[in-house]
file protein32.cif (mmCIF, C-alpha atoms and all ligand atoms)
data_data
#
loop_
_atom_site.label_atom_id
_atom_site.label_comp_id
_atom_site.auth_asym_id
_atom_site.auth_seq_id
_atom_site.Cartn_x
_atom_site.Cartn_y
_atom_site.Cartn_z
CA MET A 1 189.41 44.24 344.15
CA SER A 2 187.73 41.35 345.88
CA ILE A 3 188.87 37.80 345.39
CA LEU A 4 186.97 34.56 345.54
CA LYS A 5 188.94 31.42 346.28
CA ILE A 6 188.30 28.42 344.10
CA LEU A 7 189.63 24.96 344.87
CA VAL A 8 189.75 22.44 342.05
CA VAL A 9 190.03 18.82 343.13
CA ASP A 10 190.74 16.57 340.15
CA ASP A 11 193.29 13.85 339.50
CA GLU A 12 193.78 14.97 335.89
CA PRO A 13 196.57 17.59 335.90
CA GLY A 14 195.22 18.96 332.57
CA ILE A 15 191.86 19.84 334.14
CA ARG A 16 193.51 21.53 337.14
CA SER A 17 195.90 23.62 335.10
CA GLY A 18 193.12 24.34 332.57
CA VAL A 19 190.87 25.79 335.27
CA THR A 20 193.74 27.85 336.66
CA ARG A 21 194.56 29.18 333.21
CA ILE A 22 190.97 29.95 332.20
CA LEU A 23 190.21 31.81 335.41
CA ARG A 24 193.54 33.60 335.74
CA ASN A 25 192.39 36.78 334.02
CA PHE A 26 188.68 36.26 334.44
CA ARG A 27 186.68 38.94 336.24
CA VAL A 28 183.04 39.18 337.16
CA ASP A 29 181.57 42.62 337.37
CA TYR A 30 178.01 43.74 338.03
CA PRO A 31 176.85 47.32 337.99
CA PHE A 32 175.76 47.08 341.60
CA MET A 33 179.06 45.70 342.86
CA GLU A 34 181.53 48.15 344.24
CA GLU A 35 184.40 46.39 342.57
CA PRO A 36 184.95 43.50 340.17
CA ILE A 37 185.60 40.04 341.53
CA GLU A 38 188.67 38.04 340.57
CA PHE A 39 189.59 34.46 341.28
CA GLU A 40 192.41 32.68 343.02
CA VAL A 41 192.60 29.03 342.07
CA MET A 42 194.06 26.33 344.33
CA GLU A 43 194.62 22.81 343.08
CA ALA A 44 194.45 19.39 344.71
CA PRO A 45 194.98 16.01 342.95
CA THR A 46 193.09 13.93 345.53
CA GLY A 47 190.12 14.22 347.87
CA GLU A 48 192.45 13.94 350.86
CA ALA A 49 194.63 16.82 349.65
CA GLY A 50 191.44 18.78 348.98
CA ILE A 51 190.24 18.34 352.57
CA THR A 52 193.62 19.50 353.89
CA ILE A 53 193.26 22.70 351.88
CA ILE A 54 189.64 23.14 353.00
CA GLU A 55 190.83 22.94 356.61
CA THR A 56 193.66 25.42 356.21
CA ASN A 57 192.51 27.86 353.54
CA ILE A 58 188.78 27.52 353.04
CA PRO A 59 187.67 28.19 349.46
CA ASP A 60 184.41 29.90 348.49
CA ILE A 61 183.83 27.55 345.60
CA LEU A 62 184.89 23.95 345.17
CA LEU A 63 185.12 22.33 341.74
CA LEU A 64 185.03 18.66 342.58
CA ASP A 65 185.69 15.66 340.39
CA ASN A 66 183.95 12.55 341.62
CA LYS A 67 186.25 9.82 340.34
CA LEU A 68 189.37 10.26 342.41
CA PRO A 69 192.20 7.86 343.30
CA GLY A 70 191.52 7.72 347.08
CA ILE A 71 188.31 8.91 348.63
CA GLN A 72 185.63 9.83 346.12
CA GLY A 73 184.23 13.25 345.40
CA ILE A 74 180.92 12.34 346.95
CA GLU A 75 182.74 11.63 350.23
CA VAL A 76 184.40 15.03 350.13
CA LEU A 77 180.91 16.46 349.65
CA GLU A 78 179.65 14.54 352.67
CA TYR A 79 182.58 15.80 354.71
CA ILE A 80 181.75 19.41 353.80
CA LYS A 81 178.13 18.86 354.72
CA LYS A 82 179.00 17.19 358.03
CA LYS A 83 181.43 19.95 358.98
CA LYS A 84 178.89 22.59 357.86
CA LYS A 85 181.48 24.33 355.71
CA ASP A 86 180.17 27.34 353.83
CA ILE A 87 181.41 26.30 350.39
CA ILE A 88 179.55 26.15 347.10
CA VAL A 89 180.33 22.80 345.53
CA VAL A 90 180.21 22.21 341.80
CA MET A 91 180.77 18.66 340.59
CA ILE A 92 182.92 18.23 337.51
CA THR A 93 182.00 14.96 335.97
CA SER A 94 182.12 13.05 332.70
CA TYR A 95 178.85 12.43 330.92
CA ALA A 96 179.11 8.76 331.91
CA SER A 97 178.59 9.62 335.55
CA LEU A 98 175.82 12.15 335.10
CA GLU A 99 173.56 10.12 337.32
CA LEU A 100 176.06 10.49 340.10
CA ALA A 101 176.22 14.21 339.52
CA VAL A 102 172.49 14.40 339.89
CA LYS A 103 172.73 12.50 343.16
CA ALA A 104 175.48 14.86 344.29
CA THR A 105 173.24 17.79 343.50
CA SER A 106 170.53 16.39 345.70
CA ASP A 107 173.21 15.82 348.38
CA GLY A 108 174.01 19.50 348.49
CA ALA A 109 176.18 20.20 345.45
CA TYR A 110 175.07 23.45 343.88
CA ASP A 111 175.60 22.51 340.26
CA PHE A 112 177.64 20.29 338.00
CA ILE A 113 179.77 20.89 334.93
CA PRO A 114 180.05 17.97 332.53
CA LYS A 115 183.54 17.13 331.28
CA PRO A 116 184.93 18.08 328.83
CA PHE A 117 183.93 21.71 329.22
CA THR A 118 184.85 24.73 327.17
CA PRO A 119 186.42 27.81 328.79
CA GLN A 120 183.13 29.62 328.16
CA GLU A 121 181.10 26.96 329.94
CA LEU A 122 183.36 27.14 332.95
CA LYS A 123 183.26 30.92 332.97
CA SER A 124 179.49 31.17 332.79
CA SER A 125 179.09 28.63 335.53
CA ILE A 126 181.57 30.51 337.72
CA GLU A 127 179.85 33.78 336.89
CA ASN A 128 176.50 32.43 338.09
CA ILE A 129 177.97 31.10 341.28
CA THR A 130 179.86 34.32 341.90
CA LYS A 131 176.66 36.28 341.78
CA ARG A 132 175.15 33.92 344.33
CA VAL A 133 178.18 34.11 346.61
CA PHE A 134 178.27 37.87 346.31
CA LEU A 135 174.61 38.34 347.14
CA LYS A 136 174.91 35.93 350.04
CA LYS A 137 177.95 37.70 351.42
CA MET A 138 176.30 41.03 351.02
CA THR A 139 173.11 39.89 352.73
CA ASN A 140 175.14 38.45 355.61
CA LYS A 141 177.16 41.60 355.90
CA LEU A 142 174.11 43.83 355.98
CA GLN A 143 172.32 41.57 358.43
CA ASP A 144 175.42 41.58 360.60
CA ALA A 145 175.28 45.34 360.63
CA GLY A 146 171.71 45.14 361.83
CA LYS A 147 170.25 46.31 358.58
CA LYS A 148 167.42 44.73 356.72
CA ILE A 149 167.91 44.05 353.10
CA ARG A 150 165.58 42.00 351.10
CA PHE A 151 166.97 39.43 348.79
CA THR A 152 164.14 40.18 346.38
CA PHE A 153 165.26 43.77 346.27
CA LEU A 154 168.65 42.75 344.93
CA SER A 155 167.11 40.32 342.49
CA ILE A 156 164.81 42.97 341.07
CA LEU A 157 167.68 45.38 341.04
CA SER A 158 169.94 43.06 339.11
CA HIS A 159 167.11 42.46 336.68
CA GLU A 160 166.57 46.20 336.27
CA LEU A 161 170.24 46.68 335.52
CA LYS A 162 170.58 43.62 333.37
CA ALA A 163 167.71 44.47 331.05
CA PRO A 164 169.27 47.70 329.69
CA LEU A 165 172.71 46.07 329.55
CA ASN A 166 171.33 43.26 327.43
CA ALA A 167 169.59 45.73 325.17
CA ILE A 168 172.74 47.82 324.69
CA GLU A 169 174.79 44.70 324.11
CA GLY A 170 172.31 43.62 321.44
CA TYR A 171 172.50 46.99 319.71
CA LEU A 172 176.30 46.96 319.78
CA LYS A 173 176.36 43.49 318.27
CA MET A 174 173.99 44.61 315.52
CA THR A 175 176.34 47.49 314.80
CA LYS A 176 179.45 45.34 314.92
CA GLU A 177 177.94 42.91 312.47
CA ARG A 178 176.76 45.81 310.29
CA GLN A 179 173.28 44.32 310.33
CA LEU A 180 171.74 47.52 309.01
CA GLY A 181 174.20 47.89 306.14
CA PRO A 182 177.31 50.02 305.65
CA ASN A 183 175.78 53.48 306.22
CA LEU A 184 176.49 55.00 309.58
CA GLU A 185 173.26 57.06 309.56
CA ASP A 186 171.18 53.90 309.48
CA TYR A 187 172.41 53.18 312.99
CA ASP A 188 171.14 56.44 314.48
CA GLY A 189 167.96 54.81 315.76
CA ILE A 190 169.72 52.08 317.71
CA ILE A 191 172.35 54.50 318.98
CA ASP A 192 169.58 56.73 320.33
CA ARG A 193 167.92 53.75 321.95
CA SER A 194 171.22 52.73 323.53
CA LEU A 195 171.75 56.24 324.86
CA ASP A 196 168.22 56.16 326.31
CA ARG A 197 168.91 52.92 328.09
CA ILE A 198 172.17 54.31 329.46
CA ARG A 199 170.35 57.38 330.71
CA GLY A 200 167.80 55.14 332.40
CA MET A 201 170.55 53.16 334.08
CA ARG A 202 172.24 56.29 335.31
CA ASN A 203 168.98 57.53 336.83
CA LEU A 204 168.47 54.20 338.50
CA ILE A 205 171.94 54.37 339.97
CA LEU A 206 171.34 57.91 341.23
CA ASP A 207 168.09 56.75 342.84
CA LEU A 208 169.94 53.86 344.42
CA LEU A 209 172.47 56.23 345.90
CA ASP A 210 169.63 58.23 347.44
CA LEU A 211 168.07 55.05 348.74
CA THR A 212 171.32 53.82 350.22
CA ARG A 213 171.71 57.12 351.94
CA VAL A 214 168.21 57.02 353.36
CA GLU A 215 168.53 53.45 354.53
CA SER A 216 172.03 53.65 355.89
CA GLY A 217 170.85 55.36 359.04
CA LYS A 218 171.08 58.86 360.27
CA ALA A 219 174.77 59.16 360.98
CA LYS A 220 175.38 61.55 358.13
CA ARG A 221 172.27 63.67 358.58
CA ASN A 222 172.87 67.33 358.82
CA MET A 223 169.96 68.94 360.64
CA ALA A 224 169.56 72.69 360.32
CA ASP A 225 167.01 75.39 359.52
CA VAL A 226 166.05 74.76 355.92
CA ASP A 227 164.38 77.40 353.79
CA LEU A 228 161.80 75.31 351.93
CA LEU A 229 161.09 77.98 349.33
CA LYS A 230 164.76 78.14 348.44
CA VAL A 231 165.02 74.38 348.09
CA ALA A 232 161.85 74.26 346.01
CA ARG A 233 163.18 77.01 343.75
CA THR A 234 166.43 75.10 343.21
CA ALA A 235 164.55 71.91 342.37
CA ILE A 236 162.29 73.74 339.94
CA ASP A 237 165.25 75.50 338.29
CA THR A 238 167.05 72.19 337.87
CA MET A 239 163.99 70.66 336.28
CA ARG A 240 163.13 73.69 334.14
CA PRO A 241 164.85 72.49 330.92
CA TYR A 242 162.93 69.23 331.16
CA ALA A 243 159.69 71.12 331.73
CA ILE A 244 160.36 73.38 328.74
CA GLN A 245 161.03 70.35 326.60
CA ARG A 246 157.69 68.87 327.70
CA GLU A 247 155.98 72.26 327.40
CA VAL A 248 154.91 72.18 331.01
CA ASP A 249 154.57 75.35 333.03
CA ILE A 250 155.67 75.34 336.68
CA GLU A 251 154.76 77.82 339.38
CA LEU A 252 155.78 78.09 343.00
CA GLN A 253 153.54 79.57 345.68
CA GLY A 254 154.42 80.27 349.30
CA VAL A 255 154.93 83.17 351.64
CA ALA A 256 158.36 83.40 353.31
CA PRO A 257 159.55 82.48 355.87
CA LEU A 258 158.90 78.76 355.56
CA ILE A 259 161.60 77.24 357.70
CA LEU A 260 161.84 73.59 358.74
CA GLN A 261 164.39 71.83 360.93
CA ALA A 262 165.61 69.25 358.46
CA ASP A 263 168.45 67.88 356.40
CA GLU A 264 168.54 70.05 353.29
CA GLU A 265 169.65 67.28 350.97
CA GLU A 266 166.76 65.10 352.06
CA ILE A 267 164.28 67.87 351.42
CA GLU A 268 165.85 68.39 348.01
CA ILE A 269 165.34 64.73 347.17
CA ILE A 270 161.66 65.03 348.14
CA PHE A 271 161.13 68.09 345.94
CA ASN A 272 163.14 66.69 343.03
CA ASN A 273 161.08 63.55 342.92
CA LEU A 274 157.68 65.16 343.30
CA VAL A 275 158.41 67.89 340.78
CA SER A 276 160.02 65.54 338.26
CA ASN A 277 157.04 63.19 338.47
CA ALA A 278 154.63 66.10 338.06
CA ILE A 279 156.41 67.05 334.83
CA LYS A 280 157.03 63.53 333.62
CA TYR A 281 153.46 62.29 334.07
CA ASN A 282 151.94 65.50 332.73
CA LYS A 283 150.39 66.31 329.39
CA GLU A 284 151.83 68.60 326.75
CA GLY A 285 151.01 72.20 327.69
CA GLY A 286 150.18 71.11 331.23
CA THR A 287 150.87 72.84 334.52
CA VAL A 288 152.57 72.08 337.82
CA ALA A 289 151.74 74.08 340.92
CA CYS A 290 154.04 73.73 343.87
CA ASN A 291 152.60 75.20 347.05
CA ILE A 292 154.22 75.37 350.48
CA HIS A 293 152.41 76.57 353.57
CA LYS A 294 151.99 76.01 357.31
CA ASN A 295 148.88 74.54 358.81
CA GLU A 296 148.24 73.50 362.43
CA GLY A 297 151.85 72.95 363.42
CA CYS A 298 152.67 71.18 360.17
CA MET A 299 154.54 72.14 357.07
CA ILE A 300 152.60 71.23 353.94
CA ILE A 301 154.37 70.71 350.65
CA GLN A 302 151.89 70.25 347.87
CA VAL A 303 152.70 69.46 344.26
CA GLU A 304 149.73 69.49 341.92
CA ASP A 305 149.82 68.57 338.25
CA SER A 306 147.38 68.52 335.36
CA GLY A 307 148.72 65.21 334.10
CA ILE A 308 147.62 61.68 333.39
CA GLY A 309 146.53 60.93 336.97
CA MET A 310 146.00 57.44 338.34
CA SER A 311 143.41 55.18 339.94
CA GLN A 312 142.91 54.59 343.67
CA ASN A 313 144.30 51.11 343.17
CA ASP A 314 147.50 52.54 341.64
CA ILE A 315 147.90 55.05 344.47
CA GLU A 316 148.14 52.22 346.97
CA LYS A 317 151.13 50.72 345.17
CA ILE A 318 153.29 53.59 343.99
CA PHE A 319 155.27 53.99 347.22
CA ASP A 320 156.71 50.49 347.03
CA ASP A 321 160.19 49.85 345.63
CA PHE A 322 160.37 49.53 341.85
CA VAL A 323 156.64 50.01 341.29
CA ARG A 324 155.69 51.68 338.03
CA ILE A 325 152.15 51.92 336.73
CA LYS A 326 151.91 50.35 333.32
CA ASN A 327 149.24 51.64 330.97
CA GLU A 328 148.81 53.37 327.60
CA ASP A 329 149.70 56.76 329.09
CA THR A 330 152.91 55.60 330.76
CA LYS A 331 154.23 53.13 328.22
CA ASN A 332 156.71 55.56 326.66
CA ILE A 333 157.87 57.09 329.93
CA SER A 334 160.94 55.65 331.57
CA GLY A 335 161.82 55.50 335.24
CA SER A 336 163.01 53.10 337.87
CA GLY A 337 160.01 53.15 340.18
CA LEU A 338 162.19 54.07 343.15
CA GLY A 339 161.53 57.81 343.41
CA LEU A 340 158.39 57.72 345.54
CA SER A 341 159.62 54.89 347.76
CA ILE A 342 162.60 57.08 348.60
CA VAL A 343 160.30 60.05 349.26
CA LYS A 344 158.13 57.92 351.54
CA LYS A 345 161.10 56.67 353.57
CA LEU A 346 162.38 60.22 353.97
CA VAL A 347 158.99 61.60 355.02
CA ASP A 348 158.65 58.75 357.54
CA ASN A 349 161.91 59.91 359.12
CA TYR A 350 160.22 63.23 359.88
CA SER A 351 157.12 61.51 361.33
CA GLY A 352 155.31 62.92 358.34
CA LYS A 353 152.80 61.51 355.91
CA ILE A 354 151.92 61.75 352.24
CA GLU A 355 148.44 62.09 350.85
CA VAL A 356 147.63 61.58 347.19
CA THR A 357 144.52 62.73 345.43
CA SER A 358 144.23 61.63 341.84
CA ALA A 359 142.03 60.11 339.18
CA PRO A 360 142.91 58.87 335.70
CA GLY A 361 143.06 61.79 333.27
CA GLN A 362 142.39 64.28 336.06
CA GLY A 363 145.87 65.17 337.29
CA SER A 364 147.30 64.44 340.72
CA ILE A 365 148.00 66.19 344.00
CA PHE A 366 150.82 64.96 346.21
CA LYS A 367 150.69 66.44 349.68
CA VAL A 368 153.59 65.94 352.08
CA ILE A 369 152.73 66.85 355.66
CA ILE A 370 155.59 67.23 358.14
CA PRO A 371 155.08 68.18 361.81
CA ILE A 372 157.19 71.27 362.56
CA ASN A 373 158.04 70.80 366.21
CA GLN A 374 158.01 67.08 366.55
CA PRO A 375 161.44 65.58 367.04
CA CYS A 376 162.57 63.71 363.95
CA LEU A 377 162.75 59.97 364.13
N1 LIG B 1 152.40 62.92 339.33
C1 LIG B 1 152.10 61.70 338.90
N2 LIG B 1 151.07 61.50 338.04
C2 LIG B 1 150.75 60.26 337.59
N3 LIG B 1 151.41 59.15 337.93
C3 LIG B 1 152.45 59.28 338.77
C4 LIG B 1 152.85 60.55 339.30
N4 LIG B 1 153.90 60.36 340.12
C5 LIG B 1 154.16 59.03 340.09
N5 LIG B 1 153.30 58.39 339.29
C6 LIG B 1 153.24 56.92 339.05
O1 LIG B 1 153.89 56.28 340.12
C7 LIG B 1 154.95 55.46 339.64
C8 LIG B 1 156.08 55.47 340.65
O2 LIG B 1 156.72 56.75 340.68
P1 LIG B 1 158.22 56.87 341.10
O3 LIG B 1 158.59 58.30 341.15
O4 LIG B 1 158.42 56.05 342.33
O5 LIG B 1 159.00 56.13 339.96
P2 LIG B 1 159.33 56.58 338.46
O6 LIG B 1 158.96 58.00 338.23
O7 LIG B 1 158.73 55.56 337.58
O8 LIG B 1 160.89 56.40 338.41
P3 LIG B 1 162.02 57.28 339.13
O9 LIG B 1 162.63 56.35 340.11
O10 LIG B 1 162.90 57.66 338.04
O11 LIG B 1 161.34 58.42 339.83
C9 LIG B 1 155.32 56.04 338.30
O12 LIG B 1 155.90 55.07 337.46
C10 LIG B 1 153.98 56.54 337.78
O13 LIG B 1 153.30 55.49 337.16
MG MG B 2 159.72 59.46 339.65
#

call {"tool": "encode", "arguments": {"input": "protein32.cif", "output": "structure tokens"}}
result
Amino acid sequence: MSILKILVVDDEPGIRSGVTRILRNFRVDYPFMEEPIEFEVMEAPTGEAGITIIETNIPDILLLDNKLPGIQGIEVLEYIKKKKKDIIVVMITSYASLELAVKATSDGAYDFIPKPFTPQELKSSIENITKRVFLKKMTNKLQDAGKKIRFTFLSILSHELKAPLNAIEGYLKMTKERQLGPNLEDYDGIIDRSLDRIRGMRNLILDLLDLTRVESGKAKRNMADVDLLKVARTAIDTMRPYAIQREVDIELQGVAPLILQADEEEIEIIFNNLVSNAIKYNKEGGTVACNIHKNEGCMIIQVEDSGIGMSQNDIEKIFDDFVRIKNEDTKNISGSGLGLSIVKKLVDNYSGKIEVTSAPGQGSIFKVIIPINQPCL
């Protein structure tokens, strides 16, 4: 459980105890957080008392009334700015002093909540801020550890997770309100759609786990002689039910032994993604040919499909995070757009490269080329 500290500075005891009560059992949880966040509320009746708390037990978030008996809220804000305290300040203010709140916002306050506020208003404001604090903390933490993480990545990610959650929430509300009438069968459609969205989210999370693993460095890598044919066979067997469902035929070609010094799990991820794409972006009754061979000191893993193909312009984008090609052929196919970016990162670790040959309607060939004797990066 992680806890964010909130300090509420207000001379009205009712507001202070109200905030404490509303946030006592409030939790903020996002699918990408390891654990939910809870809140510990501290109270101060004056600006002076607030500053004492800030000095001894620094809060993450400050809910600050402006009209106070001694020094004013705006002065507390100035103090925080001068001392460069890392606190997100939210002004609580009556409608009469909105102008002041606006000024406070331009002076560095993050937001303001007009008084009187409902529990829901307070909660949604705190939820927004929590997300900001969390992402900031996480970015700092990762930067501290010498890792690069892009803020945009997390924003896209939260969007990708939020969209299915919103959809499922909508469907549940429709069901709760019996919007389609009293018959249970009439809800089958929206239940199926909900299950689809859940499946999509799970796949995204699995992809994220792969990505985290790839990006978290090489500490856990387990290098050994890997039998590529065996790994390919496992990947194909795992994907077989999906291929049968899509009426796609898969064949594997390669003459043993095809051994590569590698981390078996990483190679599995590469195969899984290439083979699943070759099935997913195929046509009914199509084929997938997986071929592994050696050529000039390199191991070549080639996955060829008879599917929808793509343009040269698309090929240049598909290895970026979250990129999915949107067109008539792909509109009913779901995915997170992370698979190939993971594959690319993995192949880079082996000083390898990926070549794609494809054209719309003509199928695609993905060729992974990995040097056999070159030390891995
Ligand atoms: N074999 C293929 N044939 C045609 N298009 C493909 C093929 N493989 C990938 N693509 C295109 O590249 C995009 C990115 O693929 P990628 O594997 O990264 O993501 P995804 O399949 O959408 O999702 P997931 O993360 O679940 O794999 C796909 O959305 C698809 O448009
Ligand atoms: Mg994919």

call {"tool": "closest_atom_pairs", "arguments": {"input": "protein32.cif", "of": "chain A", "to": "ligand LIG 1 (chain B)", "cutoff": "7 Å", "atoms": "all atoms listed in the file", "output": "JSON lines"}}
result
{"residue": "A:Asn203", "atom": "CA", "partner": "B:LIG1", "partner_atom": "O10", "distance": 6.2}
{"residue": "A:Leu204", "atom": "CA", "partner": "B:LIG1", "partner_atom": "O9", "distance": 6.4}
{"residue": "A:Asp207", "atom": "CA", "partner": "B:LIG1", "partner_atom": "O9", "distance": 6.1}
{"residue": "A:Asn273", "atom": "CA", "partner": "B:LIG1", "partner_atom": "O11", "distance": 6.0}
{"residue": "A:Leu274", "atom": "CA", "partner": "B:LIG1", "partner_atom": "N4", "distance": 6.9}
{"residue": "A:Asn277", "atom": "CA", "partner": "B:LIG1", "partner_atom": "N4", "distance": 4.5}
{"residue": "A:Ala278", "atom": "CA", "partner": "B:LIG1", "partner_atom": "N1", "distance": 4.1}
{"residue": "A:Tyr281", "atom": "CA", "partner": "B:LIG1", "partner_atom": "N2", "distance": 4.7}
{"residue": "A:Asn282", "atom": "CA", "partner": "B:LIG1", "partner_atom": "N2", "distance": 6.7}
{"residue": "A:Asp305", "atom": "CA", "partner": "B:LIG1", "partner_atom": "N1", "distance": 6.3}
{"residue": "A:Gly307", "atom": "CA", "partner": "B:LIG1", "partner_atom": "N2", "distance": 5.9}
{"residue": "A:Ile308", "atom": "CA", "partner": "B:LIG1", "partner_atom": "C2", "distance": 5.4}
{"residue": "A:Gly309", "atom": "CA", "partner": "B:LIG1", "partner_atom": "C2", "distance": 4.3}
{"residue": "A:Met310", "atom": "CA", "partner": "B:LIG1", "partner_atom": "C2", "distance": 5.6}
{"residue": "A:Ile318", "atom": "CA", "partner": "B:LIG1", "partner_atom": "C8", "distance": 4.7}
{"residue": "A:Phe319", "atom": "CA", "partner": "B:LIG1", "partner_atom": "O4", "distance": 6.2}
{"residue": "A:Phe322", "atom": "CA", "partner": "B:LIG1", "partner_atom": "O4", "distance": 6.8}
{"residue": "A:Val323", "atom": "CA", "partner": "B:LIG1", "partner_atom": "C8", "distance": 5.5}
{"residue": "A:Arg324", "atom": "CA", "partner": "B:LIG1", "partner_atom": "O12", "distance": 3.4}
{"residue": "A:Ile325", "atom": "CA", "partner": "B:LIG1", "partner_atom": "O13", "distance": 3.8}
{"residue": "A:Lys326", "atom": "CA", "partner": "B:LIG1", "partner_atom": "O13", "distance": 6.6}
{"residue": "A:Thr330", "atom": "CA", "partner": "B:LIG1", "partner_atom": "O13", "distance": 6.4}
{"residue": "A:Ser334", "atom": "CA", "partner": "B:LIG1", "partner_atom": "O7", "distance": 6.4}
{"residue": "A:Gly335", "atom": "CA", "partner": "B:LIG1", "partner_atom": "O8", "distance": 3.4}
{"residue": "A:Ser336", "atom": "CA", "partner": "B:LIG1", "partner_atom": "O8", "distance": 4.0}
{"residue": "A:Gly337", "atom": "CA", "partner": "B:LIG1", "partner_atom": "O5", "distance": 3.2}
{"residue": "A:Leu338", "atom": "CA", "partner": "B:LIG1", "partner_atom": "O9", "distance": 3.8}
{"residue": "A:Gly339", "atom": "CA", "partner": "B:LIG1", "partner_atom": "O11", "distance": 3.6}
{"residue": "A:Leu340", "atom": "CA", "partner": "B:LIG1", "partner_atom": "O4", "distance": 3.6}
{"residue": "A:Ser341", "atom": "CA", "partner": "B:LIG1", "partner_atom": "O4", "distance": 5.7}
{"residue": "A:Gly363", "atom": "CA", "partner": "B:LIG1", "partner_atom": "N2", "distance": 6.4}
{"residue": "A:Ser364", "atom": "CA", "partner": "B:LIG1", "partner_atom": "N2", "distance": 5.5}

call {"tool": "residues_around", "arguments": {"input": "protein32.cif", "residues": "Asn295 (chain A)", "least_positions_apart": "6", "cutoff": "12 Å", "atoms": "only C-alpha atoms", "output": "PDB file with C-alpha atoms, in the coordinates of the input"}}
result
ATOM      1  CA  LEU A 258     158.900  78.760 355.560  1.00  0.00           C
ATOM      2  CA  ILE A 301     154.370  70.710 350.650  1.00  0.00           C
ATOM      3  CA  VAL A 368     153.590  65.940 352.080  1.00  0.00           C
ATOM      4  CA  ILE A 369     152.730  66.850 355.660  1.00  0.00           C
ATOM      5  CA  ILE A 370     155.590  67.230 358.140  1.00  0.00           C
ATOM      6  CA  PRO A 371     155.080  68.180 361.810  1.00  0.00           C
ATOM      7  CA  ILE A 372     157.190  71.270 362.560  1.00  0.00           C
TER       8      ILE A 372
END

call {"tool": "closest_residue", "arguments": {"input": "protein32.cif", "among": "A:Glu75, A:Glu304, A:Glu38, A:Asp86", "to": "Asp60 (chain A)", "atoms": "all atoms listed in the file"}}
result
A:Asp86

call {"tool": "closest_residue", "arguments": {"input": "protein32.cif", "among": "A:Pro116, A:Pro69, A:Gly254, A:Gly50", "to": "Ile292 (chain A)", "atoms": "only C-alpha atoms"}}
result
A:Gly254

call {"tool": "residues_around", "arguments": {"input": "protein32.cif", "residues": "Thr175 (chain A)", "least_positions_apart": "5", "cutoff": "10 Å", "atoms": "all atoms listed in the file", "output": "MDAnalysis selection string"}}
result
chainID A and resid 169:170 180:182 184 186:187 190:191

call {"tool": "closest_residue", "arguments": {"input": "protein32.cif", "among": "A:Ala167, A:Thr139, A:Leu208, A:Ile244", "to": "Asp321 (chain A)", "atoms": "all atoms listed in the file"}}
result
A:Leu208

call {"tool": "atom_distance", "arguments": {"input": "protein32.cif", "atom1": "CA of Glu215 (chain A)", "atom2": "CA of Ile342 (chain A)"}}
result
9.1 Å

call {"tool": "closest_residue", "arguments": {"input": "protein32.cif", "among": "A:Phe271, A:Phe112, A:Tyr350, A:Tyr242", "to": "Asp65 (chain A)", "atoms": "only C-alpha atoms"}}
result
A:Phe112

call {"tool": "residues_around", "arguments": {"input": "protein32.cif", "residues": "Glu264 (chain A)", "least_positions_apart": "2", "cutoff": "9 Å", "atoms": "all atoms listed in the file", "output": "count of residues only"}}
result
14

call {"tool": "closest_residue", "arguments": {"input": "protein32.cif", "among": "A:Gly70, A:Gly200, A:Pro45, A:Pro36", "to": "ligand MG 2 (chain B)", "atoms": "only C-alpha atoms and all ligand atoms"}}
result
A:Gly200

call {"tool": "closest_residue", "arguments": {"input": "protein32.cif", "among": "A:Leu62, A:Ile54, A:Ala232, A:Ala109", "to": "Glu78 (chain A)", "atoms": "only C-alpha atoms"}}
result
A:Ala109

call {"tool": "atom_distance", "arguments": {"input": "protein32.cif", "atom1": "CA of Ala289 (chain A)", "atom2": "CA of Glu251 (chain A)"}}
result
5.0 Å

call {"tool": "atom_distance", "arguments": {"input": "protein32.cif", "atom1": "CA of Lys280 (chain A)", "atom2": "CA of Lys353 (chain A)"}}
result
22.8 Å

call {"tool": "residues_near_point", "arguments": {"input": "protein32.cif", "point": "(172.1, 19.3, 348.0)", "cutoff": "12 Å", "atoms": "all atoms listed in the file", "output": "VMD selection string"}}
result
chain A and resid 74 77 to 78 80 to 81 87 to 91 101 to 112

call {"tool": "residues_around", "arguments": {"input": "protein32.cif", "residues": "Leu68 (chain A)", "least_positions_apart": "2", "cutoff": "7 Å", "atoms": "all atoms listed in the file", "output": "VMD selection string"}}
result
chain A and resid 10 to 11 46 to 47 65 to 66 70 to 73

call {"tool": "decode", "arguments": {"input": "protein32.cif", "residues": "region 303-308 of chain A", "atoms": "N, CA and C atoms", "output": "PDB file, in the first residue's frame"}}
result
ATOM      1  N   VAL A 303       9.505 -15.453 -40.975  1.00  0.00           N
ATOM      2  CA  VAL A 303       8.089 -15.813 -40.841  1.00  0.00           C
ATOM      3  C   VAL A 303       7.336 -15.139 -41.989  1.00  0.00           C
ATOM      4  N   GLU A 304       6.777 -15.973 -42.846  1.00  0.00           N
ATOM      5  CA  GLU A 304       6.122 -15.457 -44.047  1.00  0.00           C
ATOM      6  C   GLU A 304       4.635 -15.766 -43.979  1.00  0.00           C
ATOM      7  N   ASP A 305       3.807 -14.788 -44.300  1.00  0.00           N
ATOM      8  CA  ASP A 305       2.366 -15.062 -44.285  1.00  0.00           C
ATOM      9  C   ASP A 305       1.722 -14.632 -45.586  1.00  0.00           C
ATOM     10  N   SER A 306       0.514 -15.146 -45.804  1.00  0.00           N
ATOM     11  CA  SER A 306      -0.212 -14.820 -47.038  1.00  0.00           C
ATOM     12  C   SER A 306      -1.335 -13.835 -46.711  1.00  0.00           C
ATOM     13  N   GLY A 307      -1.045 -12.947 -45.765  1.00  0.00           N
ATOM     14  CA  GLY A 307      -2.116 -12.104 -45.225  1.00  0.00           C
ATOM     15  C   GLY A 307      -2.319 -10.777 -45.912  1.00  0.00           C
ATOM     16  N   ILE A 308      -2.783  -9.821 -45.093  1.00  0.00           N
ATOM     17  CA  ILE A 308      -3.244  -8.534 -45.635  1.00  0.00           C
ATOM     18  C   ILE A 308      -2.094  -7.636 -46.080  1.00  0.00           C
TER      19      ILE A 308
END
